[in-house]
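A.B. asks: Have a look at this one before I ask anything.
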Amino acid sequence: MAQKAREIVGPKVDELIKELLSAYADEWLAHYYYKLAAKLAEGINSDAVAKVFSEMAAEEAEHADELAERIIHLGADPIRDFAQILELATYKKVELPSDPSDFKGYLKAGIDAERAAIDVYNNTLLKLRDDIKDPVTFHLIRHIMGEEIEHEDRLETLLGR
Ligand SMILES: [Fe+2]
Ligand SMILES: [Fe+2]
């Protein structure tokens, strides 16, 4: 644990860790569902859709790694019990259409998930700016949120806006 890192965050450090664990869980679930979407899209021969979901899945896993690193620096463990991923996540399921040829439905499901992530990260950023006041985590979340905005944009472009 980085004692100084905890000290800088101040009395609300545990509240912040809870929020980071929830984001960590969300990133894992997004990673899982996007990998699934990429595979299913491959099956329907939709290369562009498969590619975007596969790239996003890799980036969500990176986000999980970055959050894990910050959680550890603040003196906590990332989630050890996988069942807790579902418990702690805000966005528990990416609803992929059952019809495998509905690639527009796939894109819309991704857009919904990205928009939810952007909302969550935006709330965390405002809290980090005005209440908890932690510049290190602020910059991390701002970086992740920027990539979620890119994800939303890529999906929207494929959908044709
Ligand atoms: Fe992410
Ligand atoms: Fe994303």
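Simple scheme: letters A, B, ... for chains in structure tokens order, numbers from 1 for residues in each chain, numbers from 1 for ligands in the order shown.
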Considering only C-alpha atoms, return as a CSV table (one decimal) with C-alpha atoms, in the first residue's frame whatever protein or nucleic-acid residues lie within 12 Å of Ala30 in chain A, sequence-local ones (same chain, fewer than 4 positions apart) excluded.

C.D. replies:
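Once everything was written out, this is selection_28.csv:
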```csv
chain,number,residue,atom,x,y,z
A,23,ALA,CA,-15.8,0.5,-12.2
A,24,TYR,CA,-13.4,-2.4,-12.3
A,25,ALA,CA,-16.3,-4.8,-12.3
A,26,ASP,CA,-18.0,-2.9,-15.1
A,34,TYR,CA,-17.7,-7.5,-26.1
A,35,LYS,CA,-15.6,-10.6,-26.6
A,36,LEU,CA,-18.8,-12.6,-27.0
A,37,ALA,CA,-20.2,-10.0,-29.4
A,38,ALA,CA,-17.1,-10.2,-31.5
A,53,PHE,CA,-16.1,-5.3,-30.5
A,54,SER,CA,-12.8,-7.1,-30.4
A,55,GLU,CA,-10.8,-3.9,-30.2
A,56,MET,CA,-13.1,-2.5,-27.6
A,57,ALA,CA,-12.9,-5.7,-25.5
A,58,ALA,CA,-9.1,-5.3,-25.4
A,59,GLU,CA,-9.4,-1.7,-24.3
A,60,GLU,CA,-11.9,-2.5,-21.6
A,61,ALA,CA,-9.4,-5.1,-20.2
A,62,GLU,CA,-6.8,-2.4,-20.2
A,63,HIS,CA,-9.1,-0.1,-18.3
A,64,ALA,CA,-9.6,-2.9,-15.7
A,85,ILE,CA,-17.9,-8.8,-10.3
A,86,LEU,CA,-21.7,-9.1,-11.0
A,89,ALA,CA,-21.0,-3.8,-11.3
A,90,THR,CA,-23.4,-0.9,-12.2
A,91,TYR,CA,-24.0,-2.2,-15.7
A,92,LYS,CA,-24.6,-5.9,-15.2
A,93,LYS,CA,-25.4,-7.1,-18.7
A,94,VAL,CA,-24.9,-6.0,-22.3
A,95,GLU,CA,-28.1,-7.1,-24.0
A,96,LEU,CA,-27.0,-8.6,-27.3
A,109,ALA,CA,-26.3,-2.7,-27.3
A,110,GLY,CA,-22.7,-1.5,-27.3
A,111,ILE,CA,-23.8,2.2,-27.6
A,112,ASP,CA,-26.1,1.8,-24.6
A,113,ALA,CA,-23.2,0.2,-22.6
A,114,GLU,CA,-20.8,3.0,-23.6
A,116,ALA,CA,-23.9,4.2,-19.3
A,117,ALA,CA,-20.1,4.0,-18.7
A,148,GLU,CA,-15.4,5.3,-23.7
A,151,HIS,CA,-16.0,3.8,-28.3
```

A.B. asks: Applying 10 Å and only C-alpha atoms, which residues near Lys12 in chain A remain after dropping the ones on its own chain fewer than 6 positions away? List them as a list in words.

C.D. replies: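 In the requested form, the answer reads Arg6, Asp131, Ile132, Lys133 and Asp134 of chain A.
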
A.B. asks: What does the distance from CA of Gly43 in chain A to CA of Phe82 in chain A come to in Å, to one decimal?

C.D. replies: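 Rounded to one decimal, the two atoms are 28.2 Å apart.
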
A.B. asks: May I ask which of the residues A:Asp99, A:Glu19, A:Glu7, A:Glu87 is the closest one to Leu125 in chain A, counting only C-alpha atoms?

C.D. replies: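 The answer is A:Glu19, which sits nearest to Leu125 in chain A.
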
A.B. asks: If I take CA of Glu152 in chain A and atom 1 (Fe, counted along the ligand's line) of ligand 1, how far is one from the other in Å, to one decimal?

C.D. replies: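 Going from CA of Glu152 in chain A over to atom 1 (Fe, counted along the ligand's line) of ligand 1, I get 10.9 Å.
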
A.B. asks: Record the distance separating CA of Asp14 in chain A and CA of Ile144 in chain A, expressed in Å with one decimal.

C.D. replies: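 Atom-to-atom, CA of Asp14 in chain A to CA of Ile144 in chain A, that is 20.8 Å.
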
A.B. asks: Would you list, as an MDAnalysis selection string, the residues of range 36-123 of chain A that end up in alpha helix (DSSP H) under DSSP run on this structure's backbone?

C.D. replies: chainID A and resid 36:43 47:73 83:88 103:123

A.B. asks: From the list A:Val52, A:Val120, A:Leu155, A:Leu74, which residue is nearest Leu107 in chain A when using only C-alpha atoms?

C.D. replies: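 Closest to Leu107 in chain A of all the choices is A:Leu155.
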
A.B. asks: May I have the residues within 12 Å of Ile17 in chain A as a ChimeraX atom specification, using only C-alpha atoms and disregarding those fewer than 2 positions away in the same chain?

C.D. replies: /A:6,9-15,19-24,67-79,88,124,128,132,134,137
